[in-house]
$ cat upload_20.pdb   # PDB, C-alpha atoms
ATOM      1  CA  MET A1242     114.140   1.069  70.918
ATOM      2  CA  GLU A1243     110.876   1.134  72.905
ATOM      3  CA  THR A1244     110.886   0.665  76.625
ATOM      4  CA  ILE A1245     108.541  -1.667  78.526
ATOM      5  CA  GLY A1246     106.685   1.368  79.881
ATOM      6  CA  GLN A1247     105.971   2.623  76.376
ATOM      7  CA  ALA A1248     105.082  -0.790  74.956
ATOM      8  CA  ILE A1249     102.301  -1.711  77.435
ATOM      9  CA  PRO A1250     100.066   1.313  76.692
ATOM     10  CA  ASP A1251     100.521   0.730  72.957
ATOM     11  CA  ARG A1252      99.476  -2.908  73.305
ATOM     12  CA  ILE A1253      96.486  -1.957  75.417
ATOM     13  CA  ARG A1254      95.431   0.614  72.860
ATOM     14  CA  GLN A1255      95.786  -2.028  70.169
ATOM     15  CA  LEU A1256      93.607  -4.478  72.103
ATOM     16  CA  ILE A1257      90.982  -1.805  72.706
ATOM     17  CA  GLU A1258      90.901  -0.972  69.015
ATOM     18  CA  GLN A1259      90.588  -4.662  68.122
ATOM     19  CA  ASN A1260      87.667  -5.001  70.542
ATOM     20  CA  ARG A1261      86.057  -1.907  69.080
ATOM     21  CA  GLU A1262      86.319  -3.373  65.608
ATOM     22  CA  THR A1263      84.814  -6.642  66.840
ATOM     23  CA  LEU A1264      81.904  -4.743  68.423
ATOM     24  CA  ARG A1265      81.307  -2.735  65.253
ATOM     25  CA  ASN A1266      80.778  -5.967  63.307
ATOM     26  CA  THR A1267      78.212  -7.488  65.722
ATOM     27  CA  THR A1268      74.529  -7.581  64.831
ATOM     28  CA  ILE A1269      73.486  -5.943  68.100
ATOM     29  CA  PHE A1270      75.865  -3.009  67.514
ATOM     30  CA  LYS A1271      74.352  -2.379  64.098
ATOM     31  CA  GLU A1272      70.819  -2.699  65.512
ATOM     32  CA  MET A1273      71.564  -0.211  68.280
ATOM     33  CA  LEU A1274      73.119   2.268  65.840
ATOM     34  CA  LYS A1275      69.909   2.267  63.855
ATOM     35  CA  PHE A1276      67.630   2.273  66.921
ATOM     36  CA  TYR A1277      69.327   5.078  68.847
ATOM     37  CA  GLY A1278      70.411   7.149  65.862
ATOM     38  CA  VAL A1279      73.863   7.908  67.318
ATOM     39  CA  THR A1280      77.334   7.781  65.785
ATOM     40  CA  GLU A1281      79.631   4.788  66.168
ATOM     41  CA  ASP A1282      81.922   6.748  68.447
ATOM     42  CA  GLU A1283      79.040   7.827  70.680
ATOM     43  CA  LEU A1284      77.770   4.259  70.941
ATOM     44  CA  LEU A1285      81.222   2.871  71.698
ATOM     45  CA  ARG A1286      81.846   5.496  74.355
ATOM     46  CA  GLU A1287      78.762   4.454  76.387
ATOM     47  CA  TYR A1288      78.321   0.956  74.995
ATOM     48  CA  GLY A1289      77.490  -0.752  78.316
ATOM     49  CA  LYS A1290      74.680   1.684  79.113
ATOM     50  CA  TYR A1291      73.178   1.523  75.639
ATOM     51  CA  GLU A1292      73.348  -2.281  75.641
ATOM     52  CA  SER A1293      71.573  -2.575  79.017
ATOM     53  CA  ALA A1294      68.728  -0.326  77.859
ATOM     54  CA  TYR A1295      68.466  -2.109  74.504
ATOM     55  CA  LYS A1296      68.283  -5.489  76.240
ATOM     56  CA  THR A1297      65.345  -4.172  78.247
ATOM     57  CA  ILE A1298      63.521  -3.204  75.055
ATOM     58  CA  THR A1299      64.171  -6.483  73.233
ATOM     59  CA  GLU A1300      63.679  -8.854  76.175
ATOM     60  CA  CYS A1301      60.569  -7.149  77.573
ATOM     61  CA  SER A1302      58.898  -7.154  74.152
ATOM     62  CA  LYS A1303      58.814 -10.977  74.294
ATOM     63  CA  CYS A1304      58.073 -11.224  78.028
ATOM     64  CA  ALA A1305      57.115 -14.735  79.143
ATOM     65  CA  GLY A1306      56.113 -13.730  82.662
ATOM     66  CA  LEU A1307      57.945 -12.617  85.765
ATOM     67  CA  GLU A1308      58.995 -16.155  86.677
ATOM     68  CA  ASN A1309      60.858 -16.438  83.333
ATOM     69  CA  CYS A1310      62.395 -12.950  83.373
ATOM     70  CA  THR A1311      65.980 -12.876  82.043
ATOM     71  CA  MET A1312      66.782  -9.381  83.285
ATOM     72  CA  GLU A1313      69.199  -8.855  86.165
ATOM     73  CA  PRO A1314      67.852  -8.205  88.715
ATOM     74  CA  ARG A1315      64.649  -9.997  87.762
ATOM     75  CA  GLY A1316      61.639  -7.757  87.236
ATOM     76  CA  TYR A1317      63.674  -4.606  86.565
ATOM     77  CA  GLY A1318      64.655  -2.823  83.383
ATOM     78  CA  TYR A1319      66.833   0.096  82.258
ATOM     79  CA  ASN A1320      66.202   3.359  80.447
ATOM     80  CA  ILE A1321      68.670   5.727  78.777
ATOM     81  CA  VAL A1322      68.459   9.362  79.880
ATOM     82  CA  ASN A1323      70.416  11.903  77.840
ATOM     83  CA  HIS A1324      71.440  14.955  79.883
ATOM     84  CA  SER A1325      72.825  17.308  77.217
ATOM     85  CA  GLY A1326      75.178  14.665  75.903
ATOM     86  CA  TYR A1327      75.832  12.947  79.232
ATOM     87  CA  ILE A1328      74.278   9.475  79.088
ATOM     88  CA  GLN A1329      72.757   8.168  82.299
ATOM     89  CA  LEU A1330      71.294   4.709  82.881
ATOM     90  CA  SER A1331      68.185   4.603  85.086
ATOM     91  CA  MET A1332      66.562   1.496  86.562
ATOM     92  CA  PHE A1333      62.800   0.943  86.774
ATOM     93  CA  GLN A1334      60.446  -1.795  87.971
ATOM     94  CA  CYS A1335      58.376  -3.501  85.308
ATOM     95  CA  GLU A1336      54.599  -3.518  85.711
ATOM     96  CA  LYS A1337      54.581  -7.237  86.489
ATOM     97  CA  GLN A1338      57.087  -6.769  89.290
ATOM     98  CA  ILE A1339      54.914  -4.001  90.734
ATOM     99  CA  ALA A1340      51.828  -6.216  90.423
ATOM    100  CA  PHE A1341      53.701  -9.099  92.097
ATOM    101  CA  LYS A1342      54.585  -6.888  95.070
ATOM    102  CA  LYS A1343      50.979  -5.719  95.312
ATOM    103  CA  LEU A1344      49.810  -9.341  95.220
ATOM    104  CA  TRP A1345      52.192 -10.189  98.057
ATOM    105  CA  LYS A1346      50.776  -7.289 100.068
ATOM    106  CA  ILE A1347      47.226  -8.397  99.340
ATOM    107  CA  GLN A1348      47.987 -11.944 100.444
ATOM    108  CA  ARG A1349      49.593 -10.659 103.624
ATOM    109  CA  LEU A1350      46.418  -8.816 104.560
ATOM    110  CA  LEU A1351      43.874 -11.230 103.096
ATOM    111  CA  GLU A1352      44.341 -14.925 103.806
ATOM    112  CA  SER A1353      41.313 -15.613 101.616
ATOM    113  CA  SER A1354      43.071 -14.133  98.567
ATOM    114  CA  ARG A1355      45.698 -16.858  98.442
ATOM    115  CA  LEU A1356      44.684 -18.656  95.277
ATOM    116  CA  PRO A1357      44.793 -22.393  96.071
ATOM    117  CA  GLU A1358      47.428 -24.405  94.213
ATOM    118  CA  LEU A1359      44.610 -26.251  92.432
ATOM    119  CA  PHE A1360      43.553 -23.024  90.704
ATOM    120  CA  HIS A1361      47.049 -22.021  89.499
ATOM    121  CA  THR A1362      46.713 -24.555  86.674
ATOM    122  CA  LYS A1363      43.235 -23.419  85.648
ATOM    123  CA  THR A1364      43.492 -21.694  82.280
ATOM    124  CA  PHE A1365      41.291 -21.265  79.240
ATOM    125  CA  ALA A1366      43.271 -24.061  77.576
ATOM    126  CA  THR A1367      42.502 -26.558  80.351
ATOM    127  CA  LEU A1368      38.755 -25.806  80.427
ATOM    128  CA  LYS A1369      36.535 -28.382  78.761
ATOM    129  CA  ILE A1370      34.154 -26.426  76.549
ATOM    130  CA  GLU A1371      30.682 -27.937  76.581
ATOM    131  CA  ASP A1372      27.358 -26.560  75.382
ATOM    132  CA  GLY A1373      26.310 -25.032  78.699
ATOM    133  CA  ILE A1374      29.511 -23.000  79.208
ATOM    134  CA  GLN A1375      30.188 -21.663  75.709
ATOM    135  CA  GLU A1376      28.576 -18.247  76.240
ATOM    136  CA  ALA A1377      30.443 -17.681  79.504
ATOM    137  CA  TYR A1378      33.720 -18.864  77.949
ATOM    138  CA  GLN A1379      33.364 -16.457  75.026
ATOM    139  CA  ALA A1380      32.495 -13.567  77.345
ATOM    140  CA  ALA A1381      35.553 -14.292  79.507
ATOM    141  CA  ILE A1382      37.832 -14.355  76.451
ATOM    142  CA  GLU A1383      36.396 -11.049  75.251
ATOM    143  CA  PHE A1384      36.979  -9.477  78.652
ATOM    144  CA  CYS A1385      40.620 -10.588  78.697
ATOM    145  CA  ASP A1386      41.019  -9.167  75.189
ATOM    146  CA  ASN A1387      39.665  -5.791  76.411
ATOM    147  CA  LYS A1388      36.467  -6.152  74.374
ATOM    148  CA  ARG A1389      34.076  -5.929  77.338
ATOM    149  CA  GLU A1390      33.612  -2.965  79.645
ATOM    150  CA  LYS A1391      31.791  -4.803  82.450
ATOM    151  CA  GLY A1392      32.547  -7.735  84.700
ATOM    152  CA  LEU A1393      30.596 -10.976  84.683
ATOM    153  CA  VAL A1394      28.413 -13.066  86.955
ATOM    154  CA  PHE A1395      28.769 -16.789  86.325
ATOM    155  CA  ALA A1396      25.602 -18.359  87.730
ATOM    156  CA  GLY A1397      24.856 -22.056  87.796
ATOM    157  CA  PRO A1398      24.812 -25.273  89.810
ATOM    158  CA  PRO A1399      27.972 -26.707  91.402
ATOM    159  CA  GLY A1400      30.611 -28.334  89.211
ATOM    160  CA  VAL A1401      29.784 -26.770  85.843
ATOM    161  CA  GLY A1402      33.042 -24.795  85.515
ATOM    162  CA  LYS A1403      32.228 -21.409  87.087
ATOM    163  CA  THR A1404      35.267 -21.281  89.379
ATOM    164  CA  HIS A1405      37.554 -22.772  86.721
ATOM    165  CA  LEU A1406      36.558 -19.978  84.340
ATOM    166  CA  ALA A1407      37.016 -17.308  87.035
ATOM    167  CA  ALA A1408      40.468 -18.698  87.908
ATOM    168  CA  ALA A1409      41.421 -18.695  84.203
ATOM    169  CA  ILE A1410      40.569 -14.980  84.059
ATOM    170  CA  MET A1411      42.607 -14.384  87.208
ATOM    171  CA  ASN A1412      45.674 -16.205  85.859
ATOM    172  CA  ASP A1413      45.425 -14.435  82.498
ATOM    173  CA  GLN A1414      45.268 -11.004  84.136
ATOM    174  CA  LEU A1415      48.067 -11.774  86.605
ATOM    175  CA  ASN A1416      50.315 -12.812  83.720
ATOM    176  CA  LYS A1417      49.585  -9.437  82.135
ATOM    177  CA  GLY A1418      50.731  -7.654  85.287
ATOM    178  CA  ARG A1419      47.335  -6.708  86.655
ATOM    179  CA  GLU A1420      46.548  -6.323  90.349
ATOM    180  CA  CYS A1421      43.930  -8.951  91.254
ATOM    181  CA  ILE A1422      42.162 -10.468  94.241
ATOM    182  CA  PHE A1423      40.477 -13.879  94.061
ATOM    183  CA  CYS A1424      38.644 -15.112  97.152
ATOM    184  CA  THR A1425      35.576 -17.022  98.219
ATOM    185  CA  VAL A1426      32.965 -14.751  99.779
ATOM    186  CA  PRO A1427      32.695 -16.656 103.098
ATOM    187  CA  GLU A1428      36.485 -16.543 103.593
ATOM    188  CA  LEU A1429      36.664 -12.859 102.643
ATOM    189  CA  LEU A1430      34.002 -11.985 105.197
ATOM    190  CA  SER A1431      35.859 -14.044 107.780
ATOM    191  CA  ASP A1432      39.048 -12.048 107.088
ATOM    192  CA  ILE A1433      37.180  -8.759 107.454
ATOM    193  CA  ARG A1434      35.595  -9.902 110.707
ATOM    194  CA  LYS A1435      38.967 -10.949 112.156
ATOM    195  CA  ALA A1436      40.562  -7.644 111.167
ATOM    196  CA  MET A1437      37.773  -5.671 112.772
ATOM    197  CA  ARG A1438      38.004  -7.649 116.002
ATOM    198  CA  SER A1439      41.722  -7.058 116.313
ATOM    199  CA  ASP A1440      41.514  -3.524 114.880
ATOM    200  CA  LYS A1441      44.643  -4.399 112.902
ATOM    201  CA  GLU A1442      45.074  -2.931 109.399
ATOM    202  CA  THR A1443      41.275  -2.939 108.981
ATOM    203  CA  THR A1444      41.136   0.218 106.883
ATOM    204  CA  GLU A1445      43.933  -0.949 104.589
ATOM    205  CA  LEU A1446      42.290  -4.350 104.121
ATOM    206  CA  ILE A1447      38.885  -2.917 103.265
ATOM    207  CA  GLU A1448      40.469  -0.363 100.938
ATOM    208  CA  LEU A1449      42.272  -3.151  99.062
ATOM    209  CA  VAL A1450      39.009  -4.982  98.440
ATOM    210  CA  LYS A1451      37.236  -1.790  97.375
ATOM    211  CA  GLY A1452      39.985  -0.475  95.133
ATOM    212  CA  THR A1453      41.905  -3.408  93.626
ATOM    213  CA  SER A1454      41.848  -3.369  89.836
ATOM    214  CA  LEU A1455      40.132  -6.760  89.490
ATOM    215  CA  LEU A1456      38.123  -8.489  92.230
ATOM    216  CA  ILE A1457      36.805 -12.028  91.785
ATOM    217  CA  LEU A1458      34.239 -13.089  94.387
ATOM    218  CA  ASP A1459      33.751 -16.832  94.278
ATOM    219  CA  ASP A1460      30.638 -18.573  95.637
ATOM    220  CA  LEU A1461      28.478 -15.591  96.531
ATOM    221  CA  GLY A1462      25.488 -16.867  98.488
ATOM    222  CA  ALA A1463      27.385 -19.625 100.286
ATOM    223  CA  GLU A1464      27.780 -17.394 103.343
ATOM    224  CA  LYS A1465      25.197 -17.196 106.129
ATOM    225  CA  THR A1466      23.386 -13.926 105.555
ATOM    226  CA  THR A1467      23.149 -11.547 108.503
ATOM    227  CA  ASP A1468      22.652  -7.793 108.644
ATOM    228  CA  TRP A1469      26.419  -7.402 109.065
ATOM    229  CA  VAL A1470      27.163  -9.618 106.042
ATOM    230  CA  ALA A1471      24.672  -7.738 103.881
ATOM    231  CA  GLU A1472      26.170  -4.424 104.953
ATOM    232  CA  GLN A1473      29.733  -5.493 104.110
ATOM    233  CA  LEU A1474      28.729  -6.820 100.694
ATOM    234  CA  PHE A1475      26.831  -3.638  99.872
ATOM    235  CA  VAL A1476      29.691  -1.369 100.966
ATOM    236  CA  ILE A1477      32.247  -3.312  98.882
ATOM    237  CA  LEU A1478      30.116  -3.598  95.752
ATOM    238  CA  ASN A1479      28.887  -0.023  95.918
ATOM    239  CA  ALA A1480      32.457   1.290  96.266
ATOM    240  CA  ARG A1481      33.599  -0.755  93.279
ATOM    241  CA  LEU A1482      30.677   0.516  91.219
ATOM    242  CA  VAL A1483      31.467   4.139  92.044
ATOM    243  CA  ARG A1484      35.170   3.605  91.310
ATOM    244  CA  MET A1485      34.401   1.685  88.088
ATOM    245  CA  LYS A1486      36.470  -1.353  89.096
ATOM    246  CA  ASP A1487      36.136  -4.695  87.301
ATOM    247  CA  THR A1488      34.317  -7.296  89.390
ATOM    248  CA  PHE A1489      33.590 -10.977  88.696
ATOM    249  CA  ILE A1490      31.218 -13.128  90.724
ATOM    250  CA  THR A1491      30.323 -16.820  90.783
ATOM    251  CA  THR A1492      27.144 -18.044  92.432
ATOM    252  CA  ASN A1493      24.958 -21.150  92.571
ATOM    253  CA  TYR A1494      21.847 -18.967  92.380
ATOM    254  CA  GLN A1495      20.830 -18.918  88.733
ATOM    255  CA  LYS A1496      18.282 -16.092  88.904
ATOM    256  CA  PRO A1497      18.841 -12.583  90.307
ATOM    257  CA  SER A1498      15.555 -12.957  92.215
ATOM    258  CA  GLU A1499      16.906 -16.079  93.962
ATOM    259  CA  LEU A1500      20.070 -14.257  94.980
ATOM    260  CA  ILE A1501      18.015 -11.326  96.303
ATOM    261  CA  GLU A1502      16.158 -13.687  98.629
ATOM    262  CA  LYS A1503      19.399 -15.337  99.738
ATOM    263  CA  LEU A1504      20.939 -11.955 100.584
ATOM    264  CA  GLY A1505      18.139 -10.965 102.923
ATOM    265  CA  GLY A1506      15.275 -10.301 100.567
ATOM    266  CA  GLY A1507      13.370  -7.046 100.380
ATOM    267  CA  LEU A1508      15.237  -3.775 100.017
ATOM    268  CA  THR A1509      18.453  -5.220 101.496
ATOM    269  CA  GLY A1510      18.832  -7.959  98.877
ATOM    270  CA  GLN A1511      17.635  -5.686  96.076
ATOM    271  CA  ARG A1512      20.266  -3.027  96.830
ATOM    272  CA  ILE A1513      23.082  -5.582  96.660
ATOM    273  CA  VAL A1514      21.887  -7.344  93.506
ATOM    274  CA  SER A1515      21.159  -3.985  91.861
ATOM    275  CA  ARG A1516      24.845  -3.057  92.264
ATOM    276  CA  ILE A1517      25.879  -6.452  90.931
ATOM    277  CA  ARG A1518      23.706  -6.056  87.834
ATOM    278  CA  GLU A1519      25.233  -2.662  87.109
ATOM    279  CA  LEU A1520      28.768  -3.956  87.652
ATOM    280  CA  CYS A1521      28.359  -7.212  85.736
ATOM    281  CA  ASN A1522      26.633  -8.979  82.882
ATOM    282  CA  TRP A1523      24.737 -12.011  84.193
ATOM    283  CA  ILE A1524      25.473 -15.309  82.396
ATOM    284  CA  ASN A1525      23.970 -18.682  83.276
ATOM    285  CA  ILE A1526      26.090 -21.805  82.975
ATOM    286  CA  THR A1527      24.339 -25.144  82.697
ATOM    287  CA  GLY A1528      25.416 -28.753  82.592
ATOM    288  CA  GLN A1529      26.231 -31.696  84.799
ATOM    289  CA  ASP A1530      28.579 -31.568  87.784
ATOM    290  CA  TRP A1531      31.891 -32.662  86.228
ATOM    291  CA  ARG A1532      33.220 -33.604  89.684
ATOM    292  CA  LEU A1533      30.541 -36.308  89.945
ATOM    293  CA  LYS A1534      31.004 -37.665  86.433
TER     294      LYS A1534
END
$ encode --input "upload_20.pdb" --output "C-alpha cells"
Amino acid sequence: METIGQAIPDRIRQLIEQNRETLRNTTIFKEMLKFYGVTEDELLREYGKYESAYKTITECSKCAGLENCTMEPRGYGYNIVNHSGYIQLSMFQCEKQIAFKKLWKIQRLLESSRLPELFHTKTFATLKIEDGIQEAYQAAIEFCDNKREKGLVFAGPPGVGKTHLAAAIMNDQLNKGRECIFCTVPELLSDIRKAMRSDKETTELIELVKGTSLLILDDLGAEKTTDWVAEQLFVILNARLVRMKDTFITTNYQKPSELIEKLGGGLTGQRIVSRIRELCNWINITGQDWRLK
C-alpha cells in the first residue's frame, strides 16, 4: 500500500509527463524541433528559453512598428547562446528601439527636430499625386527602396507638396528603425545659436546634426542670411558630404543660382550650393498651392 509521501511525487511525475506529451503535439514544438535541429528531450529540457527566442524570430519577422510590438518588454528580443550544451538566453534591443532612444535624445537636444503632429500623418499614401510632383514622388520612393545613393532637393513654390513628401520619407525611414532628424532651417539655426550662447551641450548638438543617418532640412532659404548663418550651413553640409550621410532639402528657390544669391552670393553661396549639389539630386516641383485651393 502506497503512502501519501510516495503518491504525491508519482502524481507530479505523471502530470509532468502528460504536459510533455501535450507540448510534443503542438505546432510550435514541431516547428522549433525543425528550426533548432535538437532532440525532443533537449527541447523539453530548455523549452522556455527556446520558446522565447523562437517568438523573437517569428514576431520580429512580421514587425508592425515599435508601437505595435508584442514582445515583453516592448522593443527587446531574445537570442539562444549554446555554451557547450548549456543553453543561455540573452536579451537584446531591436534596431527600432535603439532608433527610438536616439530620436528621444535628438529631440531633447534639438527642439526644432520635434516633428509637428501635422506631419506624423504625412505618408506616400496620403500624398495627392499630380503632374508637377510625379518625378519627385518617384525619386522619393526609389530612395526609400534603397535604389538611390544620393539625397534629394525638392525645389518649388509654397504649397506644392515639398514638405509633405519630405515628411513621408521621414516617417518611412523611422518605421524602418533609422535615425533621422527633420527640422526647418530657421529653427535649427535658432537651436544652434541658443546652445552656443549657453555653452550647453553645443558640441553634442552639432555632432548630431553632422552625423545623424538621415537629415531633412525643410525650407532652406527662409532664414535671414548672415555670415554666421552661411558658416553654420557650410560646416553642416560639408561634414555630411565628407561622412557620406543622406541629406534631404526643401526650398522655395527653384534654381541653384537663385539659392546661391539667397545664401550670400559670390563664393559664399557657391560653396554651400556646391555641397548641396554633390549631396543631392535637384528636382523641381511645380503646381498650384494646394493650401489656397
$ residues_near_point --input "upload_20.pdb" --point "(31.1, -15.6, 102.7)" --cutoff "9 Å" --atoms "all atoms listed in the file" --output "PDB file with C-alpha atoms, keeping the file's coordinate frame"
ATOM      1  CA  THR A1425      35.576 -17.022  98.219  1.00  0.00           C
ATOM      2  CA  VAL A1426      32.965 -14.751  99.779  1.00  0.00           C
ATOM      3  CA  PRO A1427      32.695 -16.656 103.098  1.00  0.00           C
ATOM      4  CA  GLU A1428      36.485 -16.543 103.593  1.00  0.00           C
ATOM      5  CA  LEU A1429      36.664 -12.859 102.643  1.00  0.00           C
ATOM      6  CA  LEU A1430      34.002 -11.985 105.197  1.00  0.00           C
ATOM      7  CA  SER A1431      35.859 -14.044 107.780  1.00  0.00           C
ATOM      8  CA  ASP A1459      33.751 -16.832  94.278  1.00  0.00           C
ATOM      9  CA  ASP A1460      30.638 -18.573  95.637  1.00  0.00           C
ATOM     10  CA  LEU A1461      28.478 -15.591  96.531  1.00  0.00           C
ATOM     11  CA  GLY A1462      25.488 -16.867  98.488  1.00  0.00           C
ATOM     12  CA  ALA A1463      27.385 -19.625 100.286  1.00  0.00           C
ATOM     13  CA  GLU A1464      27.780 -17.394 103.343  1.00  0.00           C
ATOM     14  CA  LYS A1465      25.197 -17.196 106.129  1.00  0.00           C
ATOM     15  CA  THR A1466      23.386 -13.926 105.555  1.00  0.00           C
ATOM     16  CA  VAL A1470      27.163  -9.618 106.042  1.00  0.00           C
TER      17      VAL A1470
END
$ closest_residue --input "upload_20.pdb" --among "A:Ile1477, A:Leu1264, A:Ile1517, A:Val1279" --to "Glu1448 (chain A)" --atoms "all atoms listed in the file"
A:Ile1477
$ resolve_selection --input "upload_20.pdb" --expression "the PyMOL selection byres ((chain A and resi 1489-1502) around 7)" --output "PyMOL selection string"
chain A and resi 1392-1399+1403-1404+1456-1462+1487-1488+1503-1506+1510-1511+1514+1525
$ resolve_selection --input "upload_20.pdb" --expression "the PyMOL selection byres ((chain A and resi 1375) around 12)" --output "MDAnalysis selection string"
chainID A and resid 1365 1368:1374 1376:1382 1395 1401:1403 1406 1524:1528
$ residues_near_point --input "upload_20.pdb" --point "(39.4, -20.9, 89.3)" --cutoff "10 Å" --atoms "only C-alpha atoms" --output "mmCIF file with C-alpha atoms, in the coordinates of the input"
data_model
loop_
_atom_site.group_PDB
_atom_site.id
_atom_site.type_symbol
_atom_site.label_atom_id
_atom_site.label_comp_id
_atom_site.auth_asym_id
_atom_site.auth_seq_id
_atom_site.Cartn_x
_atom_site.Cartn_y
_atom_site.Cartn_z
ATOM 1 C CA LEU A 1356 44.684 -18.656 95.277
ATOM 2 C CA PRO A 1357 44.793 -22.393 96.071
ATOM 3 C CA LEU A 1359 44.610 -26.251 92.432
ATOM 4 C CA PHE A 1360 43.553 -23.024 90.704
ATOM 5 C CA HIS A 1361 47.049 -22.021 89.499
ATOM 6 C CA THR A 1362 46.713 -24.555 86.674
ATOM 7 C CA LYS A 1363 43.235 -23.419 85.648
ATOM 8 C CA THR A 1364 43.492 -21.694 82.280
ATOM 9 C CA GLY A 1402 33.042 -24.795 85.515
ATOM 10 C CA LYS A 1403 32.228 -21.409 87.087
ATOM 11 C CA THR A 1404 35.267 -21.281 89.379
ATOM 12 C CA HIS A 1405 37.554 -22.772 86.721
ATOM 13 C CA LEU A 1406 36.558 -19.978 84.340
ATOM 14 C CA ALA A 1407 37.016 -17.308 87.035
ATOM 15 C CA ALA A 1408 40.468 -18.698 87.908
ATOM 16 C CA ALA A 1409 41.421 -18.695 84.203
ATOM 17 C CA ILE A 1410 40.569 -14.980 84.059
ATOM 18 C CA MET A 1411 42.607 -14.384 87.208
ATOM 19 C CA ASN A 1412 45.674 -16.205 85.859
ATOM 20 C CA PHE A 1423 40.477 -13.879 94.061
ATOM 21 C CA CYS A 1424 38.644 -15.112 97.152
ATOM 22 C CA ILE A 1457 36.805 -12.028 91.785
ATOM 23 C CA ASP A 1459 33.751 -16.832 94.278
#
$ closest_residue --input "upload_20.pdb" --among "A:Cys1335, A:Ile1328, A:Leu1482, A:Ala1436" --to "Arg1518 (chain A)" --atoms "all atoms listed in the file"
A:Leu1482
$ resolve_selection --input "upload_20.pdb" --expression "the PyMOL selection byres ((chain A and resi 1294) around 9)" --output "list of chain:residue names"
A:Gly1289, A:Lys1290, A:Tyr1291, A:Glu1292, A:Ser1293, A:Tyr1295, A:Lys1296, A:Thr1297, A:Ile1298, A:Thr1299, A:Gly1318, A:Tyr1319, A:Asn1320, A:Ile1321, A:Leu1330, A:Ser1331
$ atom_distance --input "upload_20.pdb" --atom1 "CA of Lys1391 (chain A)" --atom2 "CA of Trp1469 (chain A)"
27.3 Å
$ closest_residue --input "upload_20.pdb" --among "A:Gly1452, A:Thr1367, A:Tyr1327, A:Gln1473" --to "Met1437 (chain A)" --atoms "all atoms listed in the file"
A:Gln1473
$ closest_residue --input "upload_20.pdb" --among "A:Trp1523, A:Phe1276, A:Phe1270, A:Phe1384" --to "Tyr1288 (chain A)" --atoms "all atoms listed in the file"
A:Phe1270
$ atom_distance --input "upload_20.pdb" --atom1 "CA of Met1273 (chain A)" --atom2 "CA of Cys1310 (chain A)"
21.8 Å
$ atom_distance --input "upload_20.pdb" --atom1 "CA of Tyr1317 (chain A)" --atom2 "CA of Leu1284 (chain A)"
22.8 Å
$ axis_aligned_box --input "upload_20.pdb" --around "region 1379-1386 of chain A" --padding-each-side "4 Å" --output "JSON"
{"center_x": 36.8, "center_y": -12.8, "center_z": 77.3, "size_x": 16.5, "size_y": 15.3, "size_z": 12.5}
$ closest_residue --input "upload_20.pdb" --among "A:Ser1439, A:Asn1266, A:Thr1453, A:Thr1509" --to "Ala1480 (chain A)" --atoms "all atoms listed in the file"
A:Thr1453
$ closest_residue --input "upload_20.pdb" --among "A:Ile1513, A:Met1332, A:Leu1285, A:Cys1385" --to "Leu1415 (chain A)" --atoms "all atoms listed in the file"
A:Cys1385
